[in-house]
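Shown below: input_31.cif, with mmCIF, C-alpha atoms.
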data_query
#
loop_
_atom_site.group_PDB
_atom_site.id
_atom_site.type_symbol
_atom_site.label_atom_id
_atom_site.label_comp_id
_atom_site.auth_asym_id
_atom_site.auth_seq_id
_atom_site.Cartn_x
_atom_site.Cartn_y
_atom_site.Cartn_z
ATOM 1 C CA MET A 82 -9.684 -23.058 -22.891
ATOM 2 C CA LEU A 83 -11.435 -24.542 -19.859
ATOM 3 C CA GLY A 84 -12.453 -28.056 -20.872
ATOM 4 C CA ASP A 85 -10.584 -27.870 -24.199
ATOM 5 C CA ARG A 86 -8.179 -30.804 -24.649
ATOM 6 C CA ARG A 87 -6.137 -28.703 -27.079
ATOM 7 C CA ALA A 88 -4.693 -27.155 -23.888
ATOM 8 C CA VAL A 89 -2.926 -30.419 -22.949
ATOM 9 C CA PRO A 90 0.409 -29.719 -24.762
ATOM 10 C CA TRP A 91 0.505 -26.199 -23.287
ATOM 11 C CA LEU A 92 -0.170 -27.536 -19.776
ATOM 12 C CA ILE A 93 2.545 -30.198 -20.141
ATOM 13 C CA GLU A 94 4.992 -27.514 -21.288
ATOM 14 C CA ALA A 95 4.097 -25.396 -18.227
ATOM 15 C CA ILE A 96 5.258 -28.165 -15.860
ATOM 16 C CA GLY A 97 8.983 -28.230 -15.187
ATOM 17 C CA LEU A 98 11.228 -29.751 -12.556
ATOM 18 C CA ASN A 99 12.051 -26.344 -11.077
ATOM 19 C CA ARG A 100 8.919 -24.390 -11.942
ATOM 20 C CA ALA A 101 5.374 -24.817 -10.847
ATOM 21 C CA GLU A 102 2.316 -23.519 -12.632
ATOM 22 C CA ARG A 103 -0.070 -23.975 -9.700
ATOM 23 C CA TYR A 104 -2.975 -25.778 -11.379
ATOM 24 C CA ALA A 105 -1.307 -27.222 -14.506
ATOM 25 C CA ALA A 106 -0.989 -30.843 -13.337
ATOM 26 C CA GLU A 107 -4.462 -30.819 -11.767
ATOM 27 C CA SER A 108 -5.901 -29.394 -14.985
ATOM 28 C CA LEU A 109 -4.518 -32.371 -16.917
ATOM 29 C CA GLY A 110 -6.560 -34.621 -14.662
ATOM 30 C CA ALA A 111 -9.663 -32.449 -15.024
ATOM 31 C CA LEU A 112 -9.345 -32.717 -18.811
ATOM 32 C CA GLY A 113 -9.161 -36.504 -18.614
ATOM 33 C CA ALA A 114 -5.658 -36.505 -20.120
ATOM 34 C CA VAL A 115 -3.923 -38.500 -17.349
ATOM 35 C CA GLY A 116 -3.623 -42.113 -18.393
ATOM 36 C CA GLN A 117 -4.452 -41.128 -21.986
ATOM 37 C CA GLN A 118 -2.237 -38.352 -23.400
ATOM 38 C CA VAL A 119 -0.161 -38.082 -20.207
ATOM 39 C CA ALA A 120 1.482 -41.007 -18.407
ATOM 40 C CA GLY A 121 0.320 -41.332 -14.834
ATOM 41 C CA TRP A 122 -2.521 -41.867 -12.409
ATOM 42 C CA ASP A 123 -5.309 -39.553 -11.240
ATOM 43 C CA ALA A 124 -7.686 -40.156 -8.322
ATOM 44 C CA ARG A 125 -10.723 -39.033 -10.340
ATOM 45 C CA GLY A 126 -10.808 -42.395 -12.115
ATOM 46 C CA ALA A 127 -9.866 -44.564 -9.135
ATOM 47 C CA THR A 128 -12.023 -46.698 -6.892
ATOM 48 C CA ALA A 129 -11.478 -48.007 -3.395
ATOM 49 C CA ASP A 130 -10.459 -51.582 -4.177
ATOM 50 C CA GLY A 131 -9.185 -52.457 -0.694
ATOM 51 C CA VAL A 132 -5.838 -53.473 -2.176
ATOM 52 C CA ASN A 133 -4.270 -50.105 -3.000
ATOM 53 C CA TRP A 134 -7.023 -47.707 -1.895
ATOM 54 C CA VAL A 135 -9.481 -47.789 1.004
ATOM 55 C CA ARG A 136 -11.284 -44.547 0.183
ATOM 56 C CA CYS A 137 -11.502 -42.213 -2.844
ATOM 57 C CA GLU A 138 -13.410 -38.945 -2.628
ATOM 58 C CA ALA A 139 -13.532 -35.286 -3.621
ATOM 59 C CA HIS A 140 -11.130 -32.914 -1.875
ATOM 60 C CA GLU A 141 -12.009 -30.936 1.176
ATOM 61 C CA ASP A 142 -9.447 -28.427 -0.076
ATOM 62 C CA THR A 143 -9.685 -24.875 -1.460
ATOM 63 C CA LEU A 144 -11.958 -23.446 -4.152
ATOM 64 C CA GLY A 145 -9.450 -23.895 -7.003
ATOM 65 C CA TRP A 146 -9.149 -27.619 -6.384
ATOM 66 C CA ARG A 147 -12.944 -27.949 -6.064
ATOM 67 C CA LEU A 148 -13.473 -26.202 -9.407
ATOM 68 C CA LEU A 149 -11.111 -28.711 -11.010
ATOM 69 C CA ARG A 150 -13.026 -31.588 -9.356
ATOM 70 C CA ALA A 151 -9.891 -32.762 -7.539
ATOM 71 C CA HIS A 152 -10.080 -36.106 -5.752
ATOM 72 C CA GLY A 153 -7.799 -38.006 -3.412
ATOM 73 C CA CYS A 154 -7.487 -41.676 -2.536
ATOM 74 C CA VAL A 155 -6.258 -43.013 0.814
ATOM 75 C CA SER A 156 -3.745 -45.844 0.575
ATOM 76 C CA ALA A 157 -4.600 -49.227 2.078
ATOM 77 C CA SER A 158 -1.058 -49.621 3.424
ATOM 78 C CA ALA A 159 2.316 -47.890 3.560
ATOM 79 C CA ARG A 160 3.001 -49.287 0.065
ATOM 80 C CA THR A 161 0.903 -48.194 -2.906
ATOM 81 C CA GLU A 162 1.462 -49.100 -6.548
ATOM 82 C CA VAL A 163 0.125 -47.585 -9.757
ATOM 83 C CA THR A 164 1.132 -48.178 -13.370
ATOM 84 C CA ALA A 165 2.182 -45.371 -15.708
ATOM 85 C CA ARG A 166 2.562 -46.016 -19.450
ATOM 86 C CA THR A 167 4.941 -43.744 -21.343
ATOM 87 C CA GLY A 168 5.026 -43.322 -25.112
ATOM 88 C CA TRP A 169 8.470 -41.725 -24.969
ATOM 89 C CA SER A 170 12.006 -42.527 -23.763
ATOM 90 C CA GLY A 171 14.468 -40.274 -21.964
ATOM 91 C CA GLU A 172 15.069 -38.378 -18.744
ATOM 92 C CA ALA A 173 11.904 -38.316 -16.670
ATOM 93 C CA MET A 174 10.307 -36.540 -13.748
ATOM 94 C CA VAL A 175 7.405 -37.380 -11.469
ATOM 95 C CA VAL A 176 4.838 -34.815 -10.377
ATOM 96 C CA LEU A 177 3.112 -36.084 -7.247
ATOM 97 C CA ARG A 178 0.379 -34.288 -5.305
ATOM 98 C CA ALA A 179 -0.165 -36.058 -2.008
ATOM 99 C CA ARG A 180 -0.233 -35.702 1.745
ATOM 100 C CA ARG A 181 0.038 -37.855 4.814
ATOM 101 C CA GLU A 182 -3.385 -39.131 5.829
ATOM 102 C CA GLY A 183 -4.478 -38.612 9.430
ATOM 103 C CA ALA A 184 -2.618 -37.175 12.381
ATOM 104 C CA GLY A 185 1.113 -37.158 12.723
ATOM 105 C CA ASP A 186 4.246 -35.441 11.565
ATOM 106 C CA ALA A 187 5.649 -35.604 8.062
ATOM 107 C CA VAL A 188 6.766 -39.071 7.016
ATOM 108 C CA GLY A 189 9.672 -39.976 4.761
ATOM 109 C CA ALA A 190 8.937 -41.896 1.593
ATOM 110 C CA ALA A 191 10.669 -43.565 -1.319
ATOM 111 C CA LEU A 192 9.533 -43.570 -4.921
ATOM 112 C CA LEU A 193 10.300 -46.750 -6.844
ATOM 113 C CA ILE A 194 9.946 -47.153 -10.595
ATOM 114 C CA ASP A 195 10.449 -50.531 -12.237
ATOM 115 C CA GLY A 196 11.513 -51.929 -8.846
ATOM 116 C CA ARG A 197 14.335 -49.455 -8.186
ATOM 117 C CA GLU A 198 14.364 -46.508 -5.798
ATOM 118 C CA VAL A 199 14.629 -43.338 -7.874
ATOM 119 C CA ALA A 200 13.833 -40.588 -5.351
ATOM 120 C CA ARG A 201 13.123 -39.775 -1.707
ATOM 121 C CA PHE A 202 10.643 -37.203 -0.479
ATOM 122 C CA SER A 203 8.543 -36.295 2.541
ATOM 123 C CA LEU A 204 4.759 -36.375 2.950
ATOM 124 C CA SER A 205 3.386 -33.737 5.301
ATOM 125 C CA PRO A 206 -0.143 -33.610 6.767
ATOM 126 C CA GLY A 207 -0.951 -30.783 4.304
ATOM 127 C CA TRP A 208 -1.287 -31.155 0.534
ATOM 128 C CA ASP A 209 1.942 -30.653 -1.398
ATOM 129 C CA GLU A 210 2.939 -31.177 -5.009
ATOM 130 C CA VAL A 211 6.506 -32.409 -5.427
ATOM 131 C CA ARG A 212 8.528 -32.712 -8.604
ATOM 132 C CA LEU A 213 11.166 -35.416 -8.592
ATOM 133 C CA ALA A 214 13.902 -36.158 -11.145
ATOM 134 C CA VAL A 215 13.811 -39.942 -11.621
ATOM 135 C CA GLY A 216 16.415 -40.600 -14.326
ATOM 136 C CA PRO A 217 16.007 -42.197 -17.747
ATOM 137 C CA LEU A 218 13.031 -44.369 -18.679
ATOM 138 C CA SER A 219 12.152 -46.330 -21.777
ATOM 139 C CA ALA A 220 8.768 -46.281 -23.469
ATOM 140 C CA GLY A 221 6.264 -48.712 -21.986
ATOM 141 C CA ALA A 222 4.462 -49.619 -18.775
ATOM 142 C CA HIS A 223 6.194 -48.761 -15.498
ATOM 143 C CA PRO A 224 5.095 -49.885 -12.029
ATOM 144 C CA VAL A 225 5.428 -46.864 -9.724
ATOM 145 C CA VAL A 226 5.473 -47.483 -5.964
ATOM 146 C CA ILE A 227 5.093 -44.984 -3.125
ATOM 147 C CA LEU A 228 6.679 -46.596 -0.049
ATOM 148 C CA LEU A 229 6.275 -44.779 3.276
ATOM 149 C CA ASP A 230 9.040 -45.188 5.887
ATOM 150 C CA ASN A 231 6.513 -45.635 8.712
ATOM 151 C CA PRO A 232 4.596 -48.907 8.161
ATOM 152 C CA SER A 233 1.515 -47.573 9.989
ATOM 153 C CA ALA A 234 1.342 -44.320 7.960
ATOM 154 C CA ARG A 235 -1.013 -43.869 5.019
ATOM 155 C CA ALA A 236 -0.896 -41.512 2.038
ATOM 156 C CA ARG A 237 -3.727 -39.593 0.392
ATOM 157 C CA VAL A 238 -2.812 -39.218 -3.287
ATOM 158 C CA ASP A 239 -4.389 -36.826 -5.788
ATOM 159 C CA HIS A 240 -2.247 -37.474 -8.869
ATOM 160 C CA LEU A 241 1.048 -38.901 -10.032
ATOM 161 C CA LEU A 242 2.314 -37.839 -13.460
ATOM 162 C CA LEU A 243 5.332 -39.247 -15.287
ATOM 163 C CA LEU A 244 6.621 -36.628 -17.726
ATOM 164 C CA PRO A 245 9.714 -35.954 -19.825
ATOM 165 C CA ARG A 246 12.119 -33.953 -17.640
ATOM 166 C CA ARG A 247 12.223 -30.224 -18.410
#
Can you present the structure in this file as structure tokens?
Amino acid sequence: MLGDRRAVPWLIEAIGLNRAERYAAESLGALGAVGQQVAGWDARGATADGVNWVRCEAHEDTLGWRLLRAHGCVSASARTEVTARTGWSGEAMVVLRARREGAGDAVGAALLIDGREVARFSLSPGWDEVRLAVGPLSAGAHPVVILLDNPSARARVDHLLLLPRR
């Protein structure tokens, strides 16, 4: 099924709030489904615009991520915004693969959707994929903001998916 977009529904089903199929979310990006069939943002299609991102490049990570052509973008500030468009309404969850860029301890962060804080999490210096329950959403475009507690910290983001909560 590698490269077969018919795998998208199966991959979405494999992603749950309390279960993690290791490469499922990354595979959605590799298939080009993020931003099309799946609400969210993926670094593969991003460019360093100087506003949200200062650098976008392939991962220096492990073989699995390299095979999936994983990319990461470094935020221009402690506040980064992307837009996710949902075609559904209901309880939602965010799947975020990110890390703190550069040296330093883990940094606290808030996730805001439609201008309201919906979750808190921590970004460590190593890659991590977090799943966050974010409450109900309506169909449509949603501004999603990652806001780091430390104004001098930066995030390196691989993907952010907005999915129906499972």
**Item:** Neighbour list for stretch 159-168 of chain A as number ranges by chain, cut-off 9 Å, all atoms listed in the file, skip fewer than 4 positions in-chain
**Value:** A: 116-122, 132-134, 218-236, 241-244
**Asked** Smallest atom-to-atom distance to A:Glu94: which of A:Val199, A:Ile194, A:Leu109, A:Leu148, using all atoms listed in the file?
**Response**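 Selected residue with least distance to A:Glu94: A:Leu109.
Closest approach to A:Gly189 among A:Glu210, A:Thr143, A:Leu177, A:Ser205: A:Ser205, based on all atoms listed in the file.
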**Request:** Run the PyMOL selection byres ((chain A and resi 152) around 8) mentally over the shown coordinates, then write out the matched residues as a list of chain:residue names, using the chain letters and numbers from the document.
**Result:** A:Ala124, A:Arg125, A:Cys137, A:Glu138, A:Ala139, A:His140, A:Arg150, A:Ala151, A:Gly153, A:Cys154, A:Asp239
The selected residues should be written to file as a PDB file, in the frame of the given file (atoms: C-alpha atoms).
ATOM      1  CA  ALA A 124      -7.686 -40.156  -8.322  1.00  0.00           C
ATOM      2  CA  ARG A 125     -10.723 -39.033 -10.340  1.00  0.00           C
ATOM      3  CA  CYS A 137     -11.502 -42.213  -2.844  1.00  0.00           C
ATOM      4  CA  GLU A 138     -13.410 -38.945  -2.628  1.00  0.00           C
ATOM      5  CA  ALA A 139     -13.532 -35.286  -3.621  1.00  0.00           C
ATOM      6  CA  HIS A 140     -11.130 -32.914  -1.875  1.00  0.00           C
ATOM      7  CA  ARG A 150     -13.026 -31.588  -9.356  1.00  0.00           C
ATOM      8  CA  ALA A 151      -9.891 -32.762  -7.539  1.00  0.00           C
ATOM      9  CA  GLY A 153      -7.799 -38.006  -3.412  1.00  0.00           C
ATOM     10  CA  CYS A 154      -7.487 -41.676  -2.536  1.00  0.00           C
ATOM     11  CA  ASP A 239      -4.389 -36.826  -5.788  1.00  0.00           C
TER      12      ASP A 239
END
**Request:** One decimal, Å: what's the distance from atom CA of A:Arg197 over to atom CA of A:Arg237, could you say?
**Result:**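 Atom CA of A:Arg237 lies 22.3 Å from atom CA of A:Arg197.
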**Request:** Return the single residue from A:Ala105, A:Ala114, A:Val135, A:Val215 that is closest to A:Ser158, with distances computed using only C-alpha atoms.
**Result:** A:Val135
With 4 Å added on each side, what axis-aligned box encloses every listed atom of stretch 178-182 of chain A? Give the centre and edge lengths in Å to one decimal, as AutoDock Vina command-line options.
--center_x -1.5 --center_y -36.7 --center_z 0.3 --size_x 11.8 --size_y 12.8 --size_z 19.1
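Atom pair atom CA of A:Gly183 / atom CA of A:Glu198: separated by 25.5 Å.
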Since fewer atoms than expected are present, regenerate N, CA and C atoms for stretch 162-195 of chain A and write them as a short mmCIF file (atom, residue, chain, number, x, y, z; two decimals), keeping the file's coordinate frame.
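Okay, this is what ended up in rebuild-v4.cif:
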data_model
loop_
_atom_site.label_atom_id
_atom_site.label_comp_id
_atom_site.auth_asym_id
_atom_site.auth_seq_id
_atom_site.Cartn_x
_atom_site.Cartn_y
_atom_site.Cartn_z
N GLU A 162 0.91 -48.96 -5.20
CA GLU A 162 1.46 -49.10 -6.55
C GLU A 162 0.44 -48.70 -7.60
N VAL A 163 0.92 -47.93 -8.58
CA VAL A 163 0.12 -47.58 -9.76
C VAL A 163 0.99 -47.89 -10.98
N THR A 164 0.38 -47.95 -12.14
CA THR A 164 1.13 -48.18 -13.37
C THR A 164 1.02 -46.94 -14.26
N ALA A 165 2.15 -46.50 -14.77
CA ALA A 165 2.18 -45.37 -15.71
C ALA A 165 2.79 -45.86 -17.02
N ARG A 166 2.10 -45.58 -18.13
CA ARG A 166 2.56 -46.02 -19.45
C ARG A 166 3.06 -44.81 -20.24
N THR A 167 4.35 -44.84 -20.58
CA THR A 167 4.94 -43.74 -21.34
C THR A 167 5.02 -44.12 -22.82
N GLY A 168 4.86 -43.13 -23.68
CA GLY A 168 5.03 -43.32 -25.11
C GLY A 168 6.32 -42.69 -25.58
N TRP A 169 7.21 -42.40 -24.67
CA TRP A 169 8.47 -41.72 -24.97
C TRP A 169 9.59 -42.36 -24.14
N SER A 170 10.82 -42.09 -24.51
CA SER A 170 12.01 -42.53 -23.76
C SER A 170 12.84 -41.31 -23.45
N GLY A 171 13.57 -41.36 -22.32
CA GLY A 171 14.47 -40.27 -21.96
C GLY A 171 14.39 -39.93 -20.49
N GLU A 172 15.07 -38.84 -20.13
CA GLU A 172 15.07 -38.38 -18.74
C GLU A 172 13.64 -38.04 -18.32
N ALA A 173 13.29 -38.46 -17.12
CA ALA A 173 11.90 -38.32 -16.67
C ALA A 173 11.82 -37.60 -15.33
N MET A 174 10.61 -37.11 -15.06
CA MET A 174 10.31 -36.54 -13.75
C MET A 174 8.91 -36.99 -13.33
N VAL A 175 8.71 -37.06 -12.03
CA VAL A 175 7.40 -37.38 -11.47
C VAL A 175 6.85 -36.13 -10.83
N VAL A 176 5.57 -35.88 -11.05
CA VAL A 176 4.84 -34.82 -10.38
C VAL A 176 3.80 -35.52 -9.51
N LEU A 177 3.95 -35.38 -8.21
CA LEU A 177 3.11 -36.08 -7.25
C LEU A 177 2.45 -35.09 -6.31
N ARG A 178 1.11 -35.10 -6.28
CA ARG A 178 0.38 -34.29 -5.30
C ARG A 178 -0.22 -35.24 -4.29
N ALA A 179 0.25 -35.12 -3.05
CA ALA A 179 -0.16 -36.06 -2.01
C ALA A 179 0.03 -35.41 -0.64
N ARG A 180 -0.45 -36.11 0.36
CA ARG A 180 -0.23 -35.70 1.74
C ARG A 180 -0.28 -36.94 2.62
N ARG A 181 0.19 -36.78 3.84
CA ARG A 181 0.04 -37.85 4.81
C ARG A 181 -1.40 -37.85 5.28
N GLU A 182 -2.00 -39.01 5.35
CA GLU A 182 -3.38 -39.13 5.83
C GLU A 182 -3.39 -39.22 7.35
N GLY A 183 -4.31 -38.53 7.98
CA GLY A 183 -4.48 -38.61 9.43
C GLY A 183 -3.48 -37.77 10.19
N ALA A 184 -3.48 -37.96 11.49
CA ALA A 184 -2.62 -37.17 12.38
C ALA A 184 -1.18 -37.67 12.31
N GLY A 185 -0.29 -36.79 12.67
CA GLY A 185 1.11 -37.16 12.72
C GLY A 185 1.98 -36.19 11.96
N ASP A 186 3.26 -36.28 12.24
CA ASP A 186 4.25 -35.44 11.56
C ASP A 186 4.48 -35.94 10.14
N ALA A 187 5.26 -35.19 9.41
CA ALA A 187 5.65 -35.60 8.06
C ALA A 187 6.32 -36.97 8.14
N VAL A 188 6.17 -37.74 7.08
CA VAL A 188 6.77 -39.07 7.02
C VAL A 188 7.64 -39.15 5.76
N GLY A 189 8.80 -39.76 5.90
CA GLY A 189 9.67 -39.98 4.76
C GLY A 189 9.10 -41.03 3.84
N ALA A 190 9.45 -40.94 2.57
CA ALA A 190 8.94 -41.90 1.59
C ALA A 190 9.95 -42.09 0.47
N ALA A 191 9.85 -43.25 -0.14
CA ALA A 191 10.67 -43.56 -1.32
C ALA A 191 9.74 -43.72 -2.51
N LEU A 192 10.24 -43.35 -3.67
CA LEU A 192 9.53 -43.57 -4.92
C LEU A 192 10.33 -44.60 -5.70
N LEU A 193 9.66 -45.69 -6.08
CA LEU A 193 10.30 -46.75 -6.84
C LEU A 193 9.64 -46.84 -8.21
N ILE A 194 10.44 -46.95 -9.24
CA ILE A 194 9.95 -47.15 -10.60
C ILE A 194 10.67 -48.37 -11.15
N ASP A 195 9.90 -49.28 -11.70
CA ASP A 195 10.45 -50.53 -12.24
C ASP A 195 11.28 -51.28 -11.19
#
